[in-house]
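Asker: Structure below; questions to follow.
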Amino acid sequence: MNKSEEYRVVLFYSTSAAIKAESLAKKENLVVKLIPVPRNLSSDCGICLLFRSQDKLVIEDLLNRGKIEYENIYPI
Amino acid sequence: MIYLDNAATSYPKPKRVEQAMVNFMNNIGASPGRSAHRLSQEAGRLIYQTRENLAQLFKVNDPLRIIFTLNITEALNLALQGILVPGDGVITSSMEHNSVMRPLRDLERKGVKVEIIPCSSRGEFDPESIKKRIKKNTKLIVINHGSNVIGSILPICQIGEIARKHGILFLVDTAQTAGCYPLDMEKDKIDLLAFTGHKALFGPSGTGGLIFGERVNIKKLIPLKRGGTGSWSEFEEQPDFLPDKYESGTLNAVGIAGLNEGVKFILQEGVDKIHRYELLLTQKLIEGLKNIPEAIVYGAEKREDRVAVVSFNIQKRLPSEIGLKLDEEYGIMCRIGLHCSPASHKTIGTFPMGSVRFSLSYFNQWEEIEQALEAVKKIAKEGRKLK
Ligand SMILES: Cc1ncc(COP(=O)(O)O)c(C=O)c1O
């Protein structure tokens, strides 16, 4: 991942949902990574999906199309 | 040695099944869905991949509507005990395995109304006969897709159609068909598909699952177990989303790693090809058995629509005697007796003696069928030795 870019994370209710989101994103060649939830954000599940801020709309659309419920999206 | 007991569990498995399990033990090892480190993620991805491959096999839209269980018995128990409450009605056939019959008999004692629709002695089921049995309180129809005694196929698509028209949920036991007979959640109108991993899906024992169609209301389906899921950890209540609601406790990750390869093998070969090949062997086996004058073969004449499970007896001889001879004198492994399905044997008229059952897999060769037929012929000719 490129340091100069801005990133956001999606927080999920379950790990399975996070992994499903990762799988769908990778199929569409989006740059994503599963990381532990940053300390300052609390989440029900231990991992979240990191993505480039520029992909926010695409990621949201992907989550909707994949019927993946998520808690929230935060900049980090 | 000739293994003809694949309806109990398939053997051998594709080599890659074992390799994936060894790889998991050596290189992944971690608990899926619990921790955030890379090995846990890797395990989680493997589990998800298996859901995706199963989704492709059974034509499921959302892989997260597939949950893993220990075997199909657990999946069927979850569905039956999770859906039916006293006062509800349930309809089933007379060809069910005890993994359906026993939970139903237990629920019956608790006030669930159980309707059992008889099949013909050849195992045929008339879907129209369901219509007359539907009542206001009928909540579920549960059907064994492929008979584990005579290999007959029940017309699930027509049954599903009727269920849908009447707003009734439809649960299918695919123990004998998943992996070796075409299945499609949508086309076959299945609401709950229960599968076991260790038969025609070529996974190891300790794997199975349940798939929820879109019509199933997860909020209303009670889990069998409650416990840790790696999610919602700040709450002491069970999460109510999929798959976590029904997956308490650490999954059988190493088993699922094996199952994943079994399913991938099937996807690569193609279910149609597997089904066609098994049918060829089965037809050869049935023809051969019918040419043995002392042999009685059970089940429908129709040979194109079945799975590779064949039951027979030798006149005036006990299945136990035949089974022992096949094993000890010819190295042929099969299963004799009632096959956990007294209802089926009552239906075909072989209760309580049971039958000799040969069940084949994609890995059987026609030479093995010839040898087995030769062995049965010889045993039949020996005449009755006991008494
Ligand atoms: C039709 C049918 N249903 C259920 C089962 C139970 O399978 P399992 O032992 O994997 O739970 C079997 C096989 O034993 C079967 O043939």
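Chain labels run A, B, ... following the order of the structure tokens; each chain numbers its residues from 1, and ligands are numbered from 1 in the order shown.
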Mind checking which residues fall within 9 Å of A:Lys56, counting only C-alpha atoms, ignoring those fewer than 4 positions away in the same chain, and posting them as a ChimeraX atom specification?
Answerer: /A:8,51-52,60-61,73
Asker: Show me, as a list in words, the residues of chain A whose atoms get within 8 Å of chain B, using only C-alpha atoms for the distance check.
Answerer: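 Interface list for chain A against chain B: Tyr13, Ser14, Thr15, Ser16, Ala17, Ile19, Lys20, Leu34, Ile35, Pro36, Asp44, Cys45, Gly46, Ile47 and Gly66 of chain A.
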Asker: With the cut-off set at 7 Å and counting only C-alpha atoms and all ligand atoms, tabulate each residue of chain B with an atom at most that distance from an atom of ligand 1, showing the nearest atom pair and its distance in Å to one decimal, ordered by chain and increasing number, as a tab-separated table.
Answerer:
```
residue	atom	partner	partner_atom_place_in_ligand_line	distance
B:Ala7	CA	ligand 1	16 (O)	6.2
B:Ala8	CA	ligand 1	14 (O)	5.4
B:Asn71	CA	ligand 1	11 (O)	4.3
B:Ile72	CA	ligand 1	11 (O)	4.0
B:Thr73	CA	ligand 1	11 (O)	3.6
B:Glu74	CA	ligand 1	11 (O)	6.5
B:Glu96	CA	ligand 1	1 (C)	6.6
B:His97	CA	ligand 1	3 (N)	5.0
B:Ser99	CA	ligand 1	4 (C)	5.4
B:Asn144	CA	ligand 1	1 (C)	5.7
B:Gly146	CA	ligand 1	1 (C)	6.5
B:Ser147	CA	ligand 1	1 (C)	5.9
B:Asn148	CA	ligand 1	16 (O)	4.4
B:Asp173	CA	ligand 1	3 (N)	5.9
B:Thr174	CA	ligand 1	1 (C)	6.8
B:Ala175	CA	ligand 1	2 (C)	4.7
B:Gln176	CA	ligand 1	16 (O)	5.5
B:Thr196	CA	ligand 1	10 (O)	5.0
B:His198	CA	ligand 1	10 (O)	6.6
```
Asker: With N, CA and C atoms retained, write the just-selected residues as a tab-separated table (two decimals), in the first residue's frame.
Answerer:
```tsv
chain	number	residue	atom	x	y	z
B	7	ALA	N	-22.13	-45.23	0.37
B	7	ALA	CA	-23.30	-44.53	0.91
B	7	ALA	C	-23.11	-44.30	2.41
B	8	ALA	N	-22.27	-45.11	3.04
B	8	ALA	CA	-21.95	-44.88	4.46
B	8	ALA	C	-20.94	-43.75	4.56
B	71	ASN	N	-22.10	-32.90	10.75
B	71	ASN	CA	-22.55	-33.84	9.71
B	71	ASN	C	-23.99	-33.46	9.36
B	72	ILE	N	-24.63	-34.24	8.52
B	72	ILE	CA	-25.99	-33.87	8.13
B	72	ILE	C	-26.97	-34.14	9.27
B	73	THR	N	-26.64	-35.08	10.13
B	73	THR	CA	-27.53	-35.36	11.26
B	73	THR	C	-27.70	-34.10	12.10
B	74	GLU	N	-26.59	-33.41	12.36
B	74	GLU	CA	-26.67	-32.18	13.13
B	74	GLU	C	-27.44	-31.10	12.37
B	96	GLU	N	-37.53	-42.05	4.88
B	96	GLU	CA	-36.56	-41.20	5.58
B	96	GLU	C	-35.57	-42.01	6.41
B	97	HIS	N	-34.42	-41.41	6.56
B	97	HIS	CA	-33.36	-41.93	7.42
B	97	HIS	C	-33.72	-41.60	8.87
B	99	SER	N	-32.05	-40.07	10.88
B	99	SER	CA	-31.62	-38.71	11.24
B	99	SER	C	-32.75	-37.71	11.07
B	144	ASN	N	-36.16	-36.89	1.97
B	144	ASN	CA	-34.88	-37.48	1.64
B	144	ASN	C	-34.76	-37.53	0.11
B	146	GLY	N	-32.37	-38.68	-2.05
B	146	GLY	CA	-31.98	-39.96	-2.65
B	146	GLY	C	-31.99	-41.04	-1.60
B	147	SER	N	-32.67	-42.14	-1.88
B	147	SER	CA	-32.78	-43.20	-0.86
B	147	SER	C	-31.43	-43.84	-0.59
B	148	ASN	N	-31.09	-43.95	0.69
B	148	ASN	CA	-29.84	-44.61	1.07
B	148	ASN	C	-30.02	-46.12	1.13
B	173	ASP	N	-32.97	-33.51	2.60
B	173	ASP	CA	-31.82	-34.31	3.05
B	173	ASP	C	-31.08	-34.77	1.81
B	174	THR	N	-29.91	-34.18	1.55
B	174	THR	CA	-29.16	-34.51	0.33
B	174	THR	C	-27.98	-35.44	0.61
B	175	ALA	N	-28.07	-36.18	1.73
B	175	ALA	CA	-26.93	-37.03	2.12
B	175	ALA	C	-26.44	-37.90	0.96
B	176	GLN	N	-27.39	-38.44	0.18
B	176	GLN	CA	-26.99	-39.37	-0.89
B	176	GLN	C	-26.91	-38.72	-2.27
B	196	THR	N	-24.07	-33.53	3.90
B	196	THR	CA	-23.01	-34.10	4.71
B	196	THR	C	-21.75	-34.10	3.88
B	198	HIS	N	-18.92	-36.05	4.08
B	198	HIS	CA	-18.03	-37.21	3.96
B	198	HIS	C	-18.50	-38.28	2.99
```
Asker: With distances taken over only C-alpha atoms, which of B:Leu285, B:Val149, B:Ala163, B:Leu57 is nearest to B:Arg335?
Answerer: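 Among the listed residues, B:Val149 lies closest to B:Arg335.
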Asker: Out of stretch 268-320 of chain B, which residues get strand (DSSP E) from DSSP, as a ChimeraX atom specification?
Answerer: /B:295-297,309-314
Asker: Write to file, as a compact mmCIF listing (two decimals), in the first residue's frame, the residues of the selection just made, with all heavy atoms.
Answerer:
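New file part.txt:
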```txt
# COMPACT_ATOMS: atom_id res chain seq x y z
N ALA B 295 -31.19 -64.04 -6.79
CA ALA B 295 -31.12 -62.67 -6.24
C ALA B 295 -32.43 -61.91 -6.42
O ALA B 295 -33.12 -62.05 -7.43
CB ALA B 295 -29.99 -61.90 -6.92
N ILE B 296 -32.79 -61.15 -5.40
CA ILE B 296 -33.95 -60.25 -5.47
C ILE B 296 -33.41 -58.83 -5.38
O ILE B 296 -32.74 -58.49 -4.39
CB ILE B 296 -34.90 -60.47 -4.28
CG1 ILE B 296 -35.22 -61.96 -4.12
CG2 ILE B 296 -36.16 -59.64 -4.42
CD1 ILE B 296 -35.56 -62.32 -2.69
N VAL B 297 -33.66 -58.02 -6.42
CA VAL B 297 -33.18 -56.64 -6.40
C VAL B 297 -34.36 -55.72 -6.07
O VAL B 297 -35.44 -55.88 -6.63
CB VAL B 297 -32.56 -56.24 -7.76
CG1 VAL B 297 -31.93 -54.87 -7.68
CG2 VAL B 297 -31.54 -57.28 -8.19
N VAL B 309 -26.87 -46.55 -5.35
CA VAL B 309 -27.11 -47.36 -4.16
C VAL B 309 -28.05 -48.49 -4.55
O VAL B 309 -29.14 -48.23 -5.06
CB VAL B 309 -27.77 -46.52 -3.04
CG1 VAL B 309 -28.02 -47.35 -1.80
CG2 VAL B 309 -26.91 -45.30 -2.70
N VAL B 310 -27.62 -49.73 -4.35
CA VAL B 310 -28.42 -50.88 -4.79
C VAL B 310 -28.59 -51.87 -3.64
O VAL B 310 -27.61 -52.26 -3.01
CB VAL B 310 -27.74 -51.59 -5.99
CG1 VAL B 310 -28.54 -52.82 -6.41
CG2 VAL B 310 -27.57 -50.63 -7.15
N SER B 311 -29.83 -52.24 -3.36
CA SER B 311 -30.11 -53.22 -2.31
C SER B 311 -30.59 -54.53 -2.93
O SER B 311 -31.37 -54.51 -3.88
CB SER B 311 -31.21 -52.71 -1.37
OG SER B 311 -30.65 -52.19 -0.19
N PHE B 312 -30.12 -55.64 -2.38
CA PHE B 312 -30.61 -56.94 -2.86
C PHE B 312 -30.56 -57.95 -1.74
O PHE B 312 -29.96 -57.71 -0.67
CB PHE B 312 -29.78 -57.42 -4.07
CG PHE B 312 -28.35 -57.74 -3.73
CD1 PHE B 312 -27.97 -59.06 -3.44
CD2 PHE B 312 -27.38 -56.76 -3.69
CE1 PHE B 312 -26.64 -59.37 -3.12
CE2 PHE B 312 -26.06 -57.05 -3.38
CZ PHE B 312 -25.68 -58.36 -3.09
N ASN B 313 -31.18 -59.09 -1.98
CA ASN B 313 -31.08 -60.23 -1.08
C ASN B 313 -30.90 -61.48 -1.92
O ASN B 313 -31.17 -61.48 -3.13
CB ASN B 313 -32.34 -60.36 -0.21
CG ASN B 313 -32.19 -59.59 1.10
OD1 ASN B 313 -31.14 -59.66 1.75
ND2 ASN B 313 -33.22 -58.84 1.47
N ILE B 314 -30.46 -62.55 -1.27
CA ILE B 314 -30.41 -63.85 -1.93
C ILE B 314 -31.49 -64.69 -1.26
O ILE B 314 -31.55 -64.74 -0.03
CB ILE B 314 -29.04 -64.54 -1.71
CG1 ILE B 314 -27.88 -63.63 -2.13
CG2 ILE B 314 -29.00 -65.89 -2.43
CD1 ILE B 314 -27.63 -63.52 -3.60
```
Asker: Do you have the atom CA of B:Pro127-atom CA of B:Leu104 distance handy?
Answerer: 20.4 Å
Asker: Would you list, as a ChimeraX atom specification, the residues of stretch 210-288 of chain B that end up in helix (DSSP H, G or I) under DSSP run on this structure's backbone?
Answerer: /B:218-220,244-246,253-269,271-288
Asker: Rounded to one decimal, what separation in Å do you get between atom CA of B:Gly288 and atom CA of B:Ala375?
Answerer: 11.3 Å
Asker: Considering only C-alpha atoms, return as a list of chain:residue names whatever protein or nucleic-acid residues lie within 10 Å of stretch 315-326 of chain B, sequence-local ones (same chain, fewer than 5 positions apart) excluded.
Answerer: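 Answer for this query is B:Ile2, B:Pro293, B:Glu294, B:Ala295, B:Ile296, B:Gly331, B:Ile332, B:Met333, B:Cys334, B:Arg335, B:Ile336, B:Gly337, B:Leu338, B:Met353, B:Gly354, B:Ser355, B:Val356, B:Arg357, B:Ala372, B:Ala375, B:Val376, B:Ile379, B:Ala380, B:Gly383, B:Arg384, B:Lys385, B:Leu386.
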Asker: Taking only C-alpha atoms into account, name the residue in A:Leu49, A:Val32, A:Ala21, A:Leu11 that is nearest to A:Asn64.
Answerer: A:Ala21
Asker: Pick out the residues sitting within 9 Å of A:Asn72, and hand them over as JSON, numbers by chain; count only C-alpha atoms, and ignore anything fewer than 6 positions along from it in its own chain.
Answerer: {"A": [9, 10, 11, 12]}
Asker: Go ahead and save the residues from that selection, with C-alpha atoms, as a PDB file, in the first residue's frame.
Answerer:
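again.pdb, freshly written:
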```
ATOM      1  CA  VAL A   9     -11.722   1.083   7.004  1.00  0.00           C
ATOM      2  CA  VAL A  10     -15.045  -0.754   6.987  1.00  0.00           C
ATOM      3  CA  LEU A  11     -16.049  -2.217  10.340  1.00  0.00           C
ATOM      4  CA  PHE A  12     -18.217  -5.332  10.309  1.00  0.00           C
TER       5      PHE A  12
END
```
Asker: For atom CA of B:Ser344 and atom CA of B:Gly179, quote the distance in Å rounded to one decimal.
Answerer: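 Interatomic distance here is 22.5 Å.
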Asker: Skipping near chain neighbours, those fewer than 5 positions away, what residues fall within 10 Å of B:Ile190 using only C-alpha atoms, listed as a list in words?
Answerer: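 With the cut-off at 10 Å, the set is Ile156, Cys157, Ile159, Gly160, Glu161, Ala163, Arg164, Leu169, Phe170, Leu171, Val172, Leu183, Asp184, Met185, Ile211, Phe212, Gly213, Glu214 and Arg215 of chain B.
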